[in-house]
Structure formats: structure tokens, C-alpha cells
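Novice: Here it is, the structure in full.
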Amino acid sequence: MPSLFAEQVYAELRKVPWGRVTTYKELARAVGTKAYRSIGQVMRANPFAPEVPCHRVVASDGSIGGFGGEWRRGKKIDDKVSLLAKEGVVVNDGRVVDFERVLFRFR
DNA sequence: CTCGTGACTTACG
DNA sequence: ACGTAAGCCACGA
């Protein structure tokens, strides 16, 4: 059972519209915390996979972060990034195309 | 309670 | 712009 912190993160992440992405920072702000790193841990746990699309979460600068770059080789992650690109969020060279355009801001 | 870890961010050289 | 260091918070042991 996920911790309360995780629940909040998942709740906010689930609000992200289709074809949009969000950042760890925004997500952290949404839940009212500054634990950006913990967000990552929650994503890694991701007990609510595809329901909670952790692949829609990217770094603050638009980079894929850890789940799409060199991190995926060796680990058994699904082709979430590729799937994401299929939904409209194009990822090129570890970067989200038109990042600011597809970025969903909570506030 | 203390310690180590981490899919992060920001600051500095 | 790039690599390194420090800061930050939550979680499991």
C-alpha cells in the first residue's frame, strides 16, 4: 500500500490530460512539497502502472530524466516513452519536443 | 531515532 | 554549455 505522499502524487499525476506531460517540480508543488527526489521514488514504485502514467513526468528542463535515457538499458522498463510519442508527446534525443506546449501546469 | 538511497533541482567554477 | 557539489524531502532497514 502506497504511502500518503505517494497517493497524492498519483492523484495529481492522474489529472494530467492526454497528450500532456508534467515535471517533477510542478508535481511536487501540486502536492505541496519540495521533495523532488521523493517524487522519483514514487514514480519508480509506480504500483498503479499504466493508470498512473509515470512516463508523462519529465525533468524541469524538458529532458526525459532518468526513465528514458541511459537508465532504461539494463532495466526492464516498457516502451512508455515510445508509447508517449505515439500519443502526441514527441520525444527526440531524450528531449520533449515543444516541451512548454505539451507541459501541463497545475496551479 | 539514525543512516543510506534516489526516475530531482539549483548553484557554482 | 558542461561537470561537480550541495540542498532538499520521503522511505525502508
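Residue numbering restarts at 1 in every chain; chains get A, B, ... in the order shown in the C-alpha cells, and ligands count up from 1 in that same order.
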Pull out every residue of chain B sitting within 10 Å of chain A, counting only C-alpha atoms (C1' of nucleotides), and send them as a PyMOL selection string.

Specialist: chain B and resi 5-9

Novice: Store the residues of this selection in a file with N, CA and C atoms (P, O5', C5', C4', C3', O3' and C1' of nucleotides), as a PDB file, in the first residue's frame.

Specialist:
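The file below, selection_37.pdb, is the result:
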ATOM      1  P    DT B   5      24.290   4.103   0.341  1.00  0.00           P
ATOM      2  O5'  DT B   5      22.916   4.387  -0.411  1.00  0.00           O
ATOM      3  C5'  DT B   5      21.919   3.369  -0.448  1.00  0.00           C
ATOM      4  C4'  DT B   5      20.664   3.869  -1.146  1.00  0.00           C
ATOM      5  C3'  DT B   5      20.958   4.609  -2.459  1.00  0.00           C
ATOM      6  O3'  DT B   5      20.187   4.035  -3.504  1.00  0.00           O
ATOM      7  C1'  DT B   5      19.486   5.857  -1.068  1.00  0.00           C
ATOM      8  P    DG B   6      20.694   4.307  -5.007  1.00  0.00           P
ATOM      9  O5'  DG B   6      19.560   5.349  -5.451  1.00  0.00           O
ATOM     10  C5'  DG B   6      18.197   4.934  -5.488  1.00  0.00           C
ATOM     11  C4'  DG B   6      17.303   6.114  -5.816  1.00  0.00           C
ATOM     12  C3'  DG B   6      17.899   6.976  -6.944  1.00  0.00           C
ATOM     13  O3'  DG B   6      16.941   7.196  -7.974  1.00  0.00           O
ATOM     14  C1'  DG B   6      17.356   8.293  -5.032  1.00  0.00           C
ATOM     15  P    DA B   7      17.413   6.624  -9.363  1.00  0.00           P
ATOM     16  O5'  DA B   7      16.314   7.186 -10.353  1.00  0.00           O
ATOM     17  C5'  DA B   7      16.724   7.764 -11.590  1.00  0.00           C
ATOM     18  C4'  DA B   7      15.600   8.628 -12.108  1.00  0.00           C
ATOM     19  C3'  DA B   7      14.964   9.517 -11.052  1.00  0.00           C
ATOM     20  O3'  DA B   7      14.791  10.826 -11.567  1.00  0.00           O
ATOM     21  C1'  DA B   7      13.311   8.301 -12.161  1.00  0.00           C
ATOM     22  P    DC B   8      16.149  11.747 -11.453  1.00  0.00           P
ATOM     23  O5'  DC B   8      15.482  12.856 -10.538  1.00  0.00           O
ATOM     24  C5'  DC B   8      14.095  13.175 -10.599  1.00  0.00           C
ATOM     25  C4'  DC B   8      13.901  14.568 -10.020  1.00  0.00           C
ATOM     26  C3'  DC B   8      14.477  15.664 -10.925  1.00  0.00           C
ATOM     27  O3'  DC B   8      13.589  16.781 -10.943  1.00  0.00           O
ATOM     28  C1'  DC B   8      15.496  15.754  -8.797  1.00  0.00           C
ATOM     29  P    DT B   9      13.922  17.989 -11.940  1.00  0.00           P
ATOM     30  O5'  DT B   9      14.616  19.011 -10.943  1.00  0.00           O
ATOM     31  C5'  DT B   9      13.902  19.380  -9.761  1.00  0.00           C
ATOM     32  C4'  DT B   9      14.569  20.574  -9.096  1.00  0.00           C
ATOM     33  C3'  DT B   9      15.044  21.651 -10.081  1.00  0.00           C
ATOM     34  O3'  DT B   9      14.642  22.928  -9.599  1.00  0.00           O
ATOM     35  C1'  DT B   9      16.878  20.885  -8.751  1.00  0.00           C
TER      36       DT B   9
END

Novice: Leaving out Arg107 (chain A) and any residue of its chain fewer than 4 positions from it, which residues lie within 12 Å of it when counting only C-alpha atoms (C1' of nucleotides), given as a PyMOL selection string?

Specialist: chain A and resi 12+22+25-32

Novice: Please write the residues from the selection above to a file, keeping N, CA, C and O atoms, as a PDB file, in the first residue's frame.

Specialist:
ATOM      1  N   GLU A  12      -2.473  13.657  -8.400  1.00  0.00           N
ATOM      2  CA  GLU A  12      -2.181  14.812  -9.258  1.00  0.00           C
ATOM      3  C   GLU A  12      -1.767  14.362 -10.647  1.00  0.00           C
ATOM      4  O   GLU A  12      -2.192  14.922 -11.641  1.00  0.00           O
ATOM      5  N   THR A  22       4.115  16.518 -17.435  1.00  0.00           N
ATOM      6  CA  THR A  22       4.342  17.405 -16.302  1.00  0.00           C
ATOM      7  C   THR A  22       5.749  17.195 -15.788  1.00  0.00           C
ATOM      8  O   THR A  22       6.423  16.264 -16.199  1.00  0.00           O
ATOM      9  N   LYS A  25       8.947  18.968 -10.567  1.00  0.00           N
ATOM     10  CA  LYS A  25       8.815  20.192  -9.786  1.00  0.00           C
ATOM     11  C   LYS A  25       7.349  20.599  -9.646  1.00  0.00           C
ATOM     12  O   LYS A  25       6.869  20.822  -8.538  1.00  0.00           O
ATOM     13  N   GLU A  26       6.661  20.660 -10.755  1.00  0.00           N
ATOM     14  CA  GLU A  26       5.258  21.043 -10.725  1.00  0.00           C
ATOM     15  C   GLU A  26       4.457  20.049  -9.887  1.00  0.00           C
ATOM     16  O   GLU A  26       3.578  20.422  -9.138  1.00  0.00           O
ATOM     17  N   LEU A  27       4.788  18.802 -10.070  1.00  0.00           N
ATOM     18  CA  LEU A  27       4.103  17.743  -9.331  1.00  0.00           C
ATOM     19  C   LEU A  27       4.337  17.929  -7.833  1.00  0.00           C
ATOM     20  O   LEU A  27       3.419  17.827  -7.026  1.00  0.00           O
ATOM     21  N   ALA A  28       5.565  18.224  -7.509  1.00  0.00           N
ATOM     22  CA  ALA A  28       5.898  18.421  -6.094  1.00  0.00           C
ATOM     23  C   ALA A  28       5.124  19.609  -5.550  1.00  0.00           C
ATOM     24  O   ALA A  28       4.585  19.563  -4.446  1.00  0.00           O
ATOM     25  N   ARG A  29       5.053  20.654  -6.329  1.00  0.00           N
ATOM     26  CA  ARG A  29       4.326  21.843  -5.883  1.00  0.00           C
ATOM     27  C   ARG A  29       2.850  21.530  -5.706  1.00  0.00           C
ATOM     28  O   ARG A  29       2.200  21.999  -4.802  1.00  0.00           O
ATOM     29  N   ALA A  30       2.323  20.703  -6.612  1.00  0.00           N
ATOM     30  CA  ALA A  30       0.907  20.344  -6.561  1.00  0.00           C
ATOM     31  C   ALA A  30       0.572  19.660  -5.236  1.00  0.00           C
ATOM     32  O   ALA A  30      -0.495  19.867  -4.679  1.00  0.00           O
ATOM     33  N   VAL A  31       1.470  18.844  -4.762  1.00  0.00           N
ATOM     34  CA  VAL A  31       1.219  18.142  -3.507  1.00  0.00           C
ATOM     35  C   VAL A  31       1.741  18.941  -2.316  1.00  0.00           C
ATOM     36  O   VAL A  31       1.597  18.530  -1.177  1.00  0.00           O
ATOM     37  N   GLY A  32       2.351  20.076  -2.631  1.00  0.00           N
ATOM     38  CA  GLY A  32       2.821  20.938  -1.545  1.00  0.00           C
ATOM     39  C   GLY A  32       4.060  20.404  -0.853  1.00  0.00           C
ATOM     40  O   GLY A  32       4.126  20.327   0.361  1.00  0.00           O
TER      41      GLY A  32
END

Novice: Quick one: contact table of chain C to chain A, 12 Å max, nearest atom pair and distance in Å to one decimal per residue, counting only C-alpha atoms (C1' of nucleotides), chain and number order, as JSON lines?

Specialist:
{"residue": "C:DG7", "atom": "C1'", "partner": "A:Ala35", "partner_atom": "CA", "distance": 10.7}
{"residue": "C:DC8", "atom": "C1'", "partner": "A:Ala35", "partner_atom": "CA", "distance": 6.2}
{"residue": "C:DC9", "atom": "C1'", "partner": "A:Ala35", "partner_atom": "CA", "distance": 4.0}
{"residue": "C:DA10", "atom": "C1'", "partner": "A:Ser38", "partner_atom": "CA", "distance": 5.4}
{"residue": "C:DC11", "atom": "C1'", "partner": "A:Ser38", "partner_atom": "CA", "distance": 8.2}
{"residue": "C:DG12", "atom": "C1'", "partner": "A:Gln41", "partner_atom": "CA", "distance": 11.6}

Novice: As a VMD selection string, please: the residues near Pro17 (chain A) (cut-off 12 Å, only C-alpha atoms (C1' of nucleotides), same-chain neighbours under 3 positions excluded).

Specialist: chain A and resid 12 to 14 20 to 22 52 to 53 56 87 to 89 102 to 106

Novice: Can you pull out every residue from chain A that DSSP, working from the backbone, puts in helix (DSSP H, G or I), and format the result as a VMD selection string?

Specialist: chain A and resid 4 to 15 24 to 31 36 to 45 54 to 56 80 to 87 99 to 102
